[in-house]
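Structure file structure-v4.txt; described as compact mmCIF, C-alpha atoms.
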# COMPACT_ATOMS: atom_id res chain seq x y z
CA MET A 851 87.49 48.66 -26.98
CA ALA A 852 86.84 50.94 -24.05
CA LYS A 853 86.48 54.63 -24.80
CA SER A 854 88.35 57.21 -22.76
CA PRO A 855 86.24 60.14 -21.60
CA GLU A 856 86.73 63.18 -23.84
CA PRO A 857 84.69 66.09 -25.13
CA THR A 858 82.43 64.87 -27.91
CA ARG A 859 80.81 66.52 -30.88
CA THR A 860 77.13 65.67 -30.71
CA HIS A 861 76.07 66.46 -34.28
CA LEU A 862 77.12 64.70 -37.45
CA PRO A 863 78.52 66.43 -40.56
CA ALA A 864 76.05 67.03 -43.40
CA GLY A 865 78.14 64.77 -45.64
CA VAL A 866 77.27 61.78 -43.46
CA TRP A 867 73.58 62.36 -44.22
CA VAL A 868 74.26 62.77 -47.94
CA LEU A 869 76.22 59.51 -48.08
CA GLY A 870 73.42 57.85 -46.14
CA PHE A 871 70.74 59.01 -48.59
CA VAL A 872 72.91 58.00 -51.57
CA SER A 873 73.17 54.52 -50.06
CA MET A 874 69.43 54.49 -49.39
CA LEU A 875 68.49 55.31 -52.99
CA MET A 876 70.86 52.75 -54.45
CA ASP A 877 69.61 50.12 -52.03
CA ILE A 878 66.00 50.82 -53.02
CA SER A 879 67.04 50.19 -56.62
CA SER A 880 69.07 47.08 -55.86
CA GLU A 881 66.65 45.46 -53.42
CA MET A 882 63.67 45.88 -55.73
CA ILE A 883 65.58 43.48 -57.98
CA HIS A 884 67.41 41.30 -55.47
CA SER A 885 64.33 40.54 -53.35
CA LEU A 886 62.74 38.95 -56.43
CA LEU A 887 65.82 37.65 -58.23
CA PRO A 888 66.03 34.19 -56.54
CA LEU A 889 62.38 33.54 -57.47
CA PHE A 890 62.94 34.90 -60.99
CA LEU A 891 65.95 32.63 -61.46
CA VAL A 892 64.33 29.49 -60.08
CA GLY A 893 60.75 30.02 -61.27
CA THR A 894 61.16 31.87 -64.58
CA LEU A 895 64.63 30.88 -65.81
CA GLY A 896 64.62 27.39 -64.27
CA VAL A 897 67.98 27.32 -62.44
CA SER A 898 68.70 25.22 -59.32
CA VAL A 899 69.00 26.48 -55.73
CA LEU A 900 72.69 25.48 -55.81
CA ALA A 901 73.12 27.69 -58.88
CA VAL A 902 71.42 30.56 -57.03
CA GLY A 903 73.90 30.10 -54.18
CA LEU A 904 76.85 30.13 -56.59
CA ILE A 905 75.55 33.19 -58.45
CA GLU A 906 74.99 35.08 -55.19
CA GLY A 907 78.35 34.00 -53.80
CA ILE A 908 80.26 35.01 -56.93
CA ALA A 909 78.39 38.32 -57.18
CA GLU A 910 78.84 39.36 -53.57
CA SER A 911 82.42 38.14 -53.27
CA THR A 912 83.30 40.00 -56.49
CA ALA A 913 82.06 43.22 -54.89
CA LEU A 914 84.07 42.66 -51.75
CA ILE A 915 87.26 41.59 -53.55
CA ALA A 916 87.12 44.65 -55.83
CA LYS A 917 87.19 46.89 -52.76
CA VAL A 918 90.85 46.10 -52.06
CA PHE A 919 91.88 47.67 -55.36
CA SER A 920 89.58 50.69 -55.21
CA GLY A 921 90.50 51.37 -51.59
CA ALA A 922 94.22 51.24 -52.33
CA LEU A 923 93.73 53.42 -55.42
CA SER A 924 91.88 56.05 -53.36
CA ASP A 925 94.86 56.16 -50.96
CA TYR A 926 97.31 56.34 -53.88
CA LEU A 927 95.47 59.22 -55.57
CA GLY A 928 94.54 60.99 -52.34
CA LYS A 929 90.96 61.26 -53.69
CA ARG A 930 87.91 59.11 -53.02
CA LYS A 931 84.77 60.78 -54.47
CA GLY A 932 85.49 60.03 -58.13
CA LEU A 933 85.83 56.31 -57.49
CA ALA A 934 82.62 56.33 -55.46
CA VAL A 935 80.75 58.06 -58.31
CA LEU A 936 82.10 55.53 -60.83
CA GLY A 937 80.99 52.60 -58.68
CA TYR A 938 77.49 53.95 -58.12
CA ALA A 939 77.13 54.73 -61.84
CA MET A 940 78.05 51.14 -62.76
CA GLY A 941 75.35 49.89 -60.39
CA ALA A 942 72.71 52.24 -61.76
CA PHE A 943 73.31 51.52 -65.43
CA THR A 944 73.22 47.72 -65.13
CA LYS A 945 69.66 47.71 -63.78
CA PRO A 946 67.93 47.67 -67.22
CA VAL A 947 69.76 44.44 -68.10
CA PHE A 948 67.78 42.50 -65.48
CA ALA A 949 64.53 43.68 -67.05
CA MET A 950 65.63 42.62 -70.54
CA ALA A 951 67.33 39.32 -69.61
CA SER A 952 66.07 36.23 -71.47
CA GLY A 953 68.60 33.78 -70.03
CA VAL A 954 70.76 33.18 -66.99
CA GLY A 955 73.89 34.45 -68.78
CA ALA A 956 72.58 38.01 -69.00
CA VAL A 957 71.54 37.94 -65.33
CA VAL A 958 74.95 36.67 -64.22
CA THR A 959 76.71 39.32 -66.33
CA ALA A 960 74.54 42.14 -64.99
CA ARG A 961 74.91 40.91 -61.42
CA PHE A 962 78.68 40.68 -61.88
CA VAL A 963 79.05 44.22 -63.30
CA ASP A 964 76.66 45.62 -60.69
CA ARG A 965 78.71 44.06 -57.90
CA VAL A 966 82.01 45.25 -59.43
CA GLY A 967 80.50 48.71 -59.19
CA LYS A 968 79.63 48.07 -55.55
CA GLY A 969 83.20 46.94 -54.96
CA ILE A 970 84.64 50.05 -56.60
CA ARG A 971 82.52 52.41 -54.50
CA GLY A 972 82.56 50.59 -51.15
CA ALA A 973 86.01 51.18 -49.67
CA PRO A 974 86.41 54.78 -50.97
CA ARG A 975 82.94 55.65 -49.63
CA ASP A 976 83.68 54.19 -46.18
CA ALA A 977 87.07 55.89 -46.09
CA LEU A 978 85.44 59.17 -47.20
CA LEU A 979 82.91 58.82 -44.38
CA ALA A 980 85.70 58.26 -41.87
CA ASP A 981 87.63 61.24 -43.29
CA ILE A 982 84.74 63.69 -42.76
CA THR A 983 83.66 62.42 -39.31
CA PRO A 984 85.26 63.24 -35.93
CA ALA A 985 86.52 60.15 -34.11
CA SER A 986 84.24 60.82 -31.13
CA VAL A 987 81.09 60.20 -33.20
CA ARG A 988 82.47 57.67 -35.69
CA GLY A 989 80.32 54.79 -34.45
CA ALA A 990 77.19 56.95 -34.72
CA ALA A 991 78.18 58.07 -38.25
CA PHE A 992 78.66 54.53 -39.53
CA GLY A 993 75.49 53.46 -37.75
CA LEU A 994 73.49 56.27 -39.37
CA ARG A 995 74.80 55.51 -42.86
CA GLN A 996 74.02 51.84 -42.31
CA SER A 997 70.57 52.71 -40.99
CA LEU A 998 69.68 54.86 -44.02
CA ASP A 999 71.15 52.23 -46.33
CA THR A 1000 68.87 49.70 -44.69
CA VAL A 1001 65.82 51.94 -45.06
CA GLY A 1002 66.42 51.44 -48.76
CA ALA A 1003 66.78 47.73 -48.18
CA PHE A 1004 63.23 47.47 -46.85
CA VAL A 1005 61.59 50.16 -49.01
CA GLY A 1006 62.89 48.32 -52.10
CA PRO A 1007 61.23 44.97 -51.31
CA LEU A 1008 58.09 46.78 -50.13
CA LEU A 1009 57.82 48.56 -53.47
CA ALA A 1010 58.56 45.28 -55.24
CA THR A 1011 55.72 43.57 -53.36
CA ALA A 1012 53.24 46.35 -54.13
CA LEU A 1013 54.16 46.40 -57.81
CA MET A 1014 54.06 42.59 -58.08
CA LEU A 1015 50.51 42.66 -56.69
CA LEU A 1016 49.52 45.59 -58.92
CA TRP A 1017 51.03 44.12 -62.09
CA ALA A 1018 50.17 40.42 -61.57
CA ASN A 1019 53.70 39.17 -60.82
CA ASP A 1020 55.34 40.97 -63.75
CA PHE A 1021 59.00 40.66 -62.71
CA ARG A 1022 60.36 42.63 -65.66
CA ALA A 1023 58.12 45.68 -65.10
CA VAL A 1024 59.31 45.89 -61.48
CA PHE A 1025 62.92 45.67 -62.64
CA TRP A 1026 62.38 48.65 -64.97
CA VAL A 1027 61.06 50.83 -62.13
CA ALA A 1028 64.21 49.99 -60.14
CA VAL A 1029 66.29 52.03 -62.62
CA ILE A 1030 64.91 55.36 -61.31
CA PRO A 1031 66.30 55.46 -57.72
CA GLY A 1032 69.64 54.13 -58.95
CA VAL A 1033 70.11 57.12 -61.26
CA LEU A 1034 68.98 59.54 -58.51
CA ALA A 1035 71.67 58.13 -56.19
CA VAL A 1036 74.41 58.99 -58.68
CA VAL A 1037 73.09 62.53 -59.16
CA LEU A 1038 72.92 63.18 -55.39
CA LEU A 1039 76.48 61.96 -54.85
CA VAL A 1040 77.82 64.18 -57.63
CA VAL A 1041 76.16 67.38 -56.38
CA GLY A 1042 75.93 66.74 -52.63
CA ILE A 1043 79.43 65.73 -51.46
CA ARG A 1044 82.51 67.90 -51.24
CA GLU A 1045 85.61 65.85 -50.51
CA VAL A 1046 87.79 66.87 -47.56
CA PRO A 1047 91.09 68.25 -48.91
CA ARG A 1048 93.91 65.87 -48.12
CA THR A 1049 97.62 66.55 -48.28
CA ALA A 1050 98.84 64.52 -51.22
CA PRO A 1051 102.43 63.23 -51.18
CA ALA A 1052 104.87 64.85 -53.62
CA ARG A 1053 105.15 61.49 -55.33
CA PRO A 1054 102.29 58.97 -55.03
CA VAL A 1055 103.34 55.84 -53.15
CA ASN A 1056 101.92 52.36 -53.62
CA PRO A 1057 99.82 51.75 -50.46
CA ILE A 1058 99.91 47.95 -50.81
CA ARG A 1059 103.70 47.66 -50.80
CA ARG A 1060 105.21 45.68 -47.92
CA GLU A 1061 106.48 48.71 -46.01
CA ALA A 1062 103.02 50.33 -46.00
CA LEU A 1063 101.22 47.14 -44.98
CA ARG A 1064 103.54 46.78 -41.98
CA ARG A 1065 101.94 49.94 -40.62
CA LEU A 1066 98.64 48.06 -40.28
CA SER A 1067 98.69 46.75 -36.72
CA GLY A 1068 98.15 43.23 -35.42
CA ALA A 1069 94.89 44.43 -33.87
CA TYR A 1070 93.69 45.50 -37.33
CA TRP A 1071 94.56 42.12 -38.85
CA GLY A 1072 92.75 40.46 -35.96
CA VAL A 1073 89.58 42.37 -36.88
CA VAL A 1074 90.11 41.30 -40.51
CA ALA A 1075 90.28 37.65 -39.44
CA ILE A 1076 87.19 37.96 -37.23
CA GLY A 1077 85.30 39.66 -40.06
CA ALA A 1078 86.16 36.83 -42.46
CA VAL A 1079 84.96 34.06 -40.14
CA PHE A 1080 81.90 36.14 -39.34
CA THR A 1081 81.08 36.28 -43.08
CA LEU A 1082 81.15 32.47 -43.21
CA ALA A 1083 78.36 32.56 -40.63
CA ARG A 1084 76.38 35.27 -42.46
CA PHE A 1085 75.68 33.78 -45.90
CA SER A 1086 73.62 35.50 -48.60
CA GLU A 1087 70.20 36.71 -47.55
CA ALA A 1088 68.81 35.02 -50.67
CA PHE A 1089 68.45 31.99 -48.40
CA LEU A 1090 66.06 33.89 -46.12
CA VAL A 1091 63.86 34.48 -49.18
CA LEU A 1092 63.99 30.81 -50.20
CA ARG A 1093 63.28 29.70 -46.61
CA ALA A 1094 60.18 31.94 -46.59
CA GLN A 1095 58.88 30.27 -49.74
CA GLU A 1096 59.62 26.84 -48.25
CA VAL A 1097 57.42 27.45 -45.20
CA GLY A 1098 54.50 28.34 -47.48
CA ILE A 1099 54.57 32.11 -48.01
CA ALA A 1100 53.18 33.04 -51.44
CA ALA A 1101 55.62 34.44 -54.00
CA SER A 1102 53.98 37.89 -54.09
CA TRP A 1103 54.44 38.23 -50.32
CA VAL A 1104 57.95 36.79 -50.01
CA PRO A 1105 59.67 40.21 -50.36
CA LEU A 1106 57.97 41.24 -47.09
CA VAL A 1107 60.41 38.90 -45.34
CA MET A 1108 63.23 41.21 -46.39
CA VAL A 1109 61.11 44.22 -45.42
CA ALA A 1110 60.73 42.86 -41.88
CA MET A 1111 64.42 42.05 -41.56
CA ASN A 1112 65.51 45.43 -42.85
CA VAL A 1113 63.03 47.42 -40.75
CA VAL A 1114 64.59 45.86 -37.66
CA TYR A 1115 68.10 46.34 -39.08
CA SER A 1116 67.47 50.00 -39.89
CA ALA A 1117 65.86 50.75 -36.52
CA SER A 1118 68.72 49.18 -34.58
CA ALA A 1119 71.83 50.25 -36.56
CA TYR A 1120 72.04 53.88 -35.42
CA PRO A 1121 71.30 53.25 -31.70
CA PHE A 1122 73.88 50.45 -31.59
CA GLY A 1123 76.32 52.67 -33.50
CA LYS A 1124 75.95 55.40 -30.87
CA LEU A 1125 76.29 52.79 -28.13
CA SER A 1126 79.59 51.62 -29.61
CA ASP A 1127 81.02 55.12 -29.07
CA THR A 1128 80.57 54.69 -25.30
CA MET A 1129 81.25 50.96 -24.62
CA SER A 1130 83.61 48.19 -25.68
CA ARG A 1131 83.14 47.46 -29.38
CA TYR A 1132 84.45 43.93 -28.85
CA ARG A 1133 81.76 43.27 -26.25
CA LEU A 1134 79.02 44.62 -28.51
CA LEU A 1135 80.28 42.47 -31.41
CA ALA A 1136 80.18 39.40 -29.15
CA LEU A 1137 76.56 40.14 -28.23
CA GLY A 1138 75.74 40.46 -31.93
CA LEU A 1139 77.21 37.02 -32.57
CA VAL A 1140 75.05 35.52 -29.82
CA VAL A 1141 71.98 37.00 -31.52
CA LEU A 1142 73.09 35.52 -34.88
CA VAL A 1143 73.39 32.04 -33.34
CA ALA A 1144 69.86 32.39 -31.95
CA SER A 1145 68.56 33.57 -35.34
CA ASP A 1146 70.10 30.62 -37.21
CA LEU A 1147 68.66 28.11 -34.73
CA VAL A 1148 65.17 29.60 -34.98
CA LEU A 1149 65.29 29.66 -38.80
CA ALA A 1150 66.48 26.05 -38.86
CA VAL A 1151 63.43 24.79 -36.96
CA ALA A 1152 60.81 27.27 -38.26
CA GLY A 1153 57.69 25.49 -39.47
CA ASP A 1154 55.37 28.44 -40.06
CA TRP A 1155 55.49 32.15 -40.85
CA ARG A 1156 55.48 33.19 -37.19
CA MET A 1157 58.68 31.35 -36.31
CA LEU A 1158 60.23 32.41 -39.59
CA LEU A 1159 59.41 36.07 -38.85
CA PHE A 1160 60.95 35.77 -35.37
CA GLY A 1161 64.16 34.33 -36.81
CA VAL A 1162 64.29 36.99 -39.53
CA CYS A 1163 63.85 39.78 -36.97
CA LEU A 1164 66.69 38.34 -34.88
CA TRP A 1165 68.80 38.34 -38.06
CA GLY A 1166 67.99 42.05 -38.47
CA VAL A 1167 69.03 42.80 -34.87
CA HIS A 1168 72.38 41.07 -35.33
CA MET A 1169 72.98 43.05 -38.53
CA GLY A 1170 72.19 46.31 -36.77
CA MET A 1171 74.58 45.42 -33.94
CA THR A 1172 77.54 44.36 -36.07
CA GLN A 1173 77.78 45.79 -39.58
CA GLY A 1174 78.47 49.46 -38.85
CA LEU A 1175 80.46 48.35 -35.81
CA LEU A 1176 82.99 46.38 -37.87
CA ALA A 1177 83.46 49.37 -40.22
CA ALA A 1178 84.07 51.67 -37.24
CA MET A 1179 86.59 49.20 -35.77
CA VAL A 1180 88.58 49.25 -39.02
CA ALA A 1181 88.56 53.07 -39.01
CA ASP A 1182 89.79 53.09 -35.40
CA LEU A 1183 92.76 50.84 -36.16
CA ALA A 1184 93.93 52.10 -39.60
CA PRO A 1185 96.28 55.06 -40.26
CA ASP A 1186 94.49 57.94 -42.01
CA ASP A 1187 96.54 57.64 -45.21
CA LEU A 1188 95.94 53.86 -45.43
CA ARG A 1189 92.25 53.90 -44.57
CA GLY A 1190 91.05 52.96 -48.06
CA THR A 1191 93.58 50.12 -48.25
CA ALA A 1192 92.54 48.92 -44.80
CA TYR A 1193 88.89 48.71 -45.85
CA GLY A 1194 89.97 47.01 -49.06
CA PHE A 1195 91.83 44.18 -47.34
CA PHE A 1196 89.10 43.79 -44.75
CA ASN A 1197 86.60 43.26 -47.54
CA LEU A 1198 88.94 41.09 -49.62
CA LEU A 1199 89.01 38.42 -46.91
CA SER A 1200 85.30 38.83 -46.33
CA GLY A 1201 84.73 38.40 -50.08
CA VAL A 1202 86.52 35.06 -50.18
CA ALA A 1203 84.52 33.98 -47.14
CA MET A 1204 81.26 35.09 -48.80
CA LEU A 1205 81.96 32.95 -51.86
CA VAL A 1206 82.67 29.89 -49.72
CA SER A 1207 79.71 30.56 -47.43
CA SER A 1208 77.06 31.00 -50.12
CA ALA A 1209 78.28 28.02 -52.15
CA LEU A 1210 78.34 25.85 -49.00
CA ALA A 1211 74.88 27.07 -47.97
CA GLY A 1212 73.45 26.16 -51.39
CA LEU A 1213 75.14 22.74 -51.35
CA LEU A 1214 73.86 21.91 -47.85
CA TRP A 1215 70.36 23.06 -48.84
CA ASP A 1216 70.28 20.87 -51.96
CA ARG A 1217 71.86 17.79 -50.35
CA LEU A 1218 70.68 17.83 -46.72
CA GLY A 1219 67.86 20.35 -46.49
CA SER A 1220 67.43 23.94 -45.41
CA ALA A 1221 67.83 23.25 -41.68
CA PHE A 1222 71.46 22.15 -42.14
CA THR A 1223 72.24 25.45 -43.90
CA PHE A 1224 71.20 27.42 -40.82
CA TYR A 1225 72.80 24.98 -38.35
CA ALA A 1226 76.09 25.45 -40.21
CA GLY A 1227 75.68 29.23 -39.92
CA ALA A 1228 75.18 28.90 -36.16
CA CYS A 1229 78.36 26.82 -35.89
CA PHE A 1230 80.44 29.41 -37.75
CA ALA A 1231 78.97 32.19 -35.59
CA ALA A 1232 79.94 30.26 -32.45
CA LEU A 1233 83.45 29.78 -33.89
CA THR A 1234 83.71 33.55 -34.50
CA LEU A 1235 82.60 34.21 -30.92
CA ALA A 1236 85.32 31.89 -29.63
CA GLY A 1237 87.92 33.69 -31.76
CA LEU A 1238 86.75 37.06 -30.50
CA SER A 1239 87.01 35.88 -26.89
CA TRP A 1240 90.54 34.63 -27.56
CA MET A 1241 91.50 38.01 -29.08
CA LYS A 1242 90.11 39.85 -26.05
CA TRP A 1243 92.04 37.54 -23.73
CA ARG A 1244 95.25 38.17 -25.68
CA ARG A 1245 94.74 41.95 -25.45
CA VAL A 1246 94.19 41.74 -21.68
CA ALA A 1247 97.22 39.46 -21.25
CA SER A 1248 99.42 41.78 -23.31
CA ALA A 1249 98.31 44.82 -21.32
CA ALA A 1250 99.17 43.03 -18.07
CA VAL A 1251 102.75 42.24 -19.11
Starting from the file, lay out its structure as structure tokens.
Amino acid sequence: MAKSPEPTRTHLPAGVWVLGFVSMLMDISSEMIHSLLPLFLVGTLGVSVLAVGLIEGIAESTALIAKVFSGALSDYLGKRKGLAVLGYAMGAFTKPVFAMASGVGAVVTARFVDRVGKGIRGAPRDALLADITPASVRGAAFGLRQSLDTVGAFVGPLLATALMLLWANDFRAVFWVAVIPGVLAVVLLVVGIREVPRTAPARPVNPIRREALRRLSGAYWGVVAIGAVFTLARFSEAFLVLRAQEVGIAASWVPLVMVAMNVVYSASAYPFGKLSDTMSRYRLLALGLVVLVASDLVLAVAGDWRMLLFGVCLWGVHMGMTQGLLAAMVADLAPDDLRGTAYGFFNLLSGVAMLVSSALAGLLWDRLGSAFTFYAGACFAALTLAGLSWMKWRRVASAAV
């Protein structure tokens, strides 16, 4: 999507930084648990890899599906901060359950509630970020929030690794420490964000009624479709952790795989976000898909930690190129008063795709081996790239008529 030259605002609103640090703290909390959870489930609680895939798929898809309702509700109420606070609070106060869990049922319940909280906060938070940011720096704003979020995603596993070494692989003690940054995230959001006043309608209108949805353009629904197929290619990162263990990395060091991926992700998200403000976002998304194909192929054939690390770093680059970019594309194409709903539906389709993807990845791993899981991811990424090329061709053809 080419950008027309216009005066730009070079600095970002303070609220963008606050939302970024809130995301960072919650991600530290979550990733301290999630970087160890597959090993805890398989090694301590004795569940299968297929069960891990199903648990991860259900948890993540629940979060994404819940966003459609919270996003629409934020449009209906004309307010977004309260829903974001509720969602972050749910995430923070489920963390002790992981530390106390004695069976898989408690873990599944805590993971489910935690991800419902993520779903409640996700669309209102993204819509709030779009509301407070000028359009000329929207790509940079989403890139910065994603970058700070991802700082948390590598600090969390790094802390988990250090504490596992210090406390002789005591999973539960690490899970207790994870409670602290989660609570801090909620406090910062409450005191640090002032919502932009929005003109509320005299009578609230249902934003998911047919007449409202017709205002979402074909280009928006095209991005929704691309995002869903993309999610099929980008299954749960729990499989990166399991692949690391398979190539011989010791359990105490496995979280460093997520550290490496997220360092690359964090370092690349903001620069690529700024780049998307000055070049075609479709072209940048296509390049990100090419990098994902390369990552999947490397991870499929990796036989030692060096190849694994290379594949994981490529995965981080593709995340930095694409995740904030897709959020900015939705903001570009959605009407202001339907922005929460637009993020909700985008994540609804992605949630269904995440459930299918993670379950399929676990099934392929159990039945055919880990390589087939990553080959399948490469195939879905190539399919997404083909769909994106077709969309771009349609846009060019329509403009020529």
Nearest to Ala1088 (chain A), chosen from A:Val1107, A:Ala985, A:Ser879, A:Met940, with all atoms listed in the file counted in the distances =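 Nearest to Ala1088 (chain A): A:Val1107.
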Shell of 12 Å around Leu1214 (chain A), only C-alpha atoms, local chain residues under 3 positions omitted, as a list in words =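 Once the nearby chain positions are removed, what remains is Val899, Leu900, Gly903, Phe1089, Ser1207, Ser1208, Ala1209, Leu1210, Ala1211, Arg1217, Leu1218, Gly1219, Ser1220, Ala1221, Phe1222, Thr1223, Phe1224, Tyr1225, Ala1226 and Gly1227 of chain A.
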With all atoms listed in the file as the basis for distance, which of A:Ser997, A:Thr983, A:Ser920, A:Thr894 is at the shortest distance from Val966 (chain A)?
->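 When distances to Val966 (chain A) are compared using all atoms listed in the file, the smallest one comes from A:Ser920.
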Distance in Å - CA of Val1091 (chain A) versus CA of Val1073 (chain A) |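 One can read the CA of Val1091 (chain A) to CA of Val1073 (chain A) distance as 29.6 Å.
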List every protein, DNA or RNA residue with an atom no more than 12 Å from (59.0, 41.2, -47.4) in the file's coordinates, counting only C-alpha atoms, and format the result as a ChimeraX atom specification.
-> /A:881-882,884-886,1003-1012,1014,1090-1092,1094-1095,1099-1113,1155,1158-1159,1162-1163
Can you work out the spacing between CA of Ser1200 (chain A) and CA of Leu1176 (chain A) in Å, to one decimal?
->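 Distance between the two atoms: 11.6 Å.
Distances from A:Ala1236, A:Thr1081, A:Asp981, A:Gly941 to Asp925 (chain A) were compared using all atoms listed in the file, and the smallest one belongs to A:Asp981.
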Work out how far CA of Gly993 (chain A) is from CA of Tyr1132 (chain A), in Å to one decimal.
->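 Spanning CA of Tyr1132 (chain A) to CA of Gly993 (chain A) is a straight-line distance of 15.8 Å.
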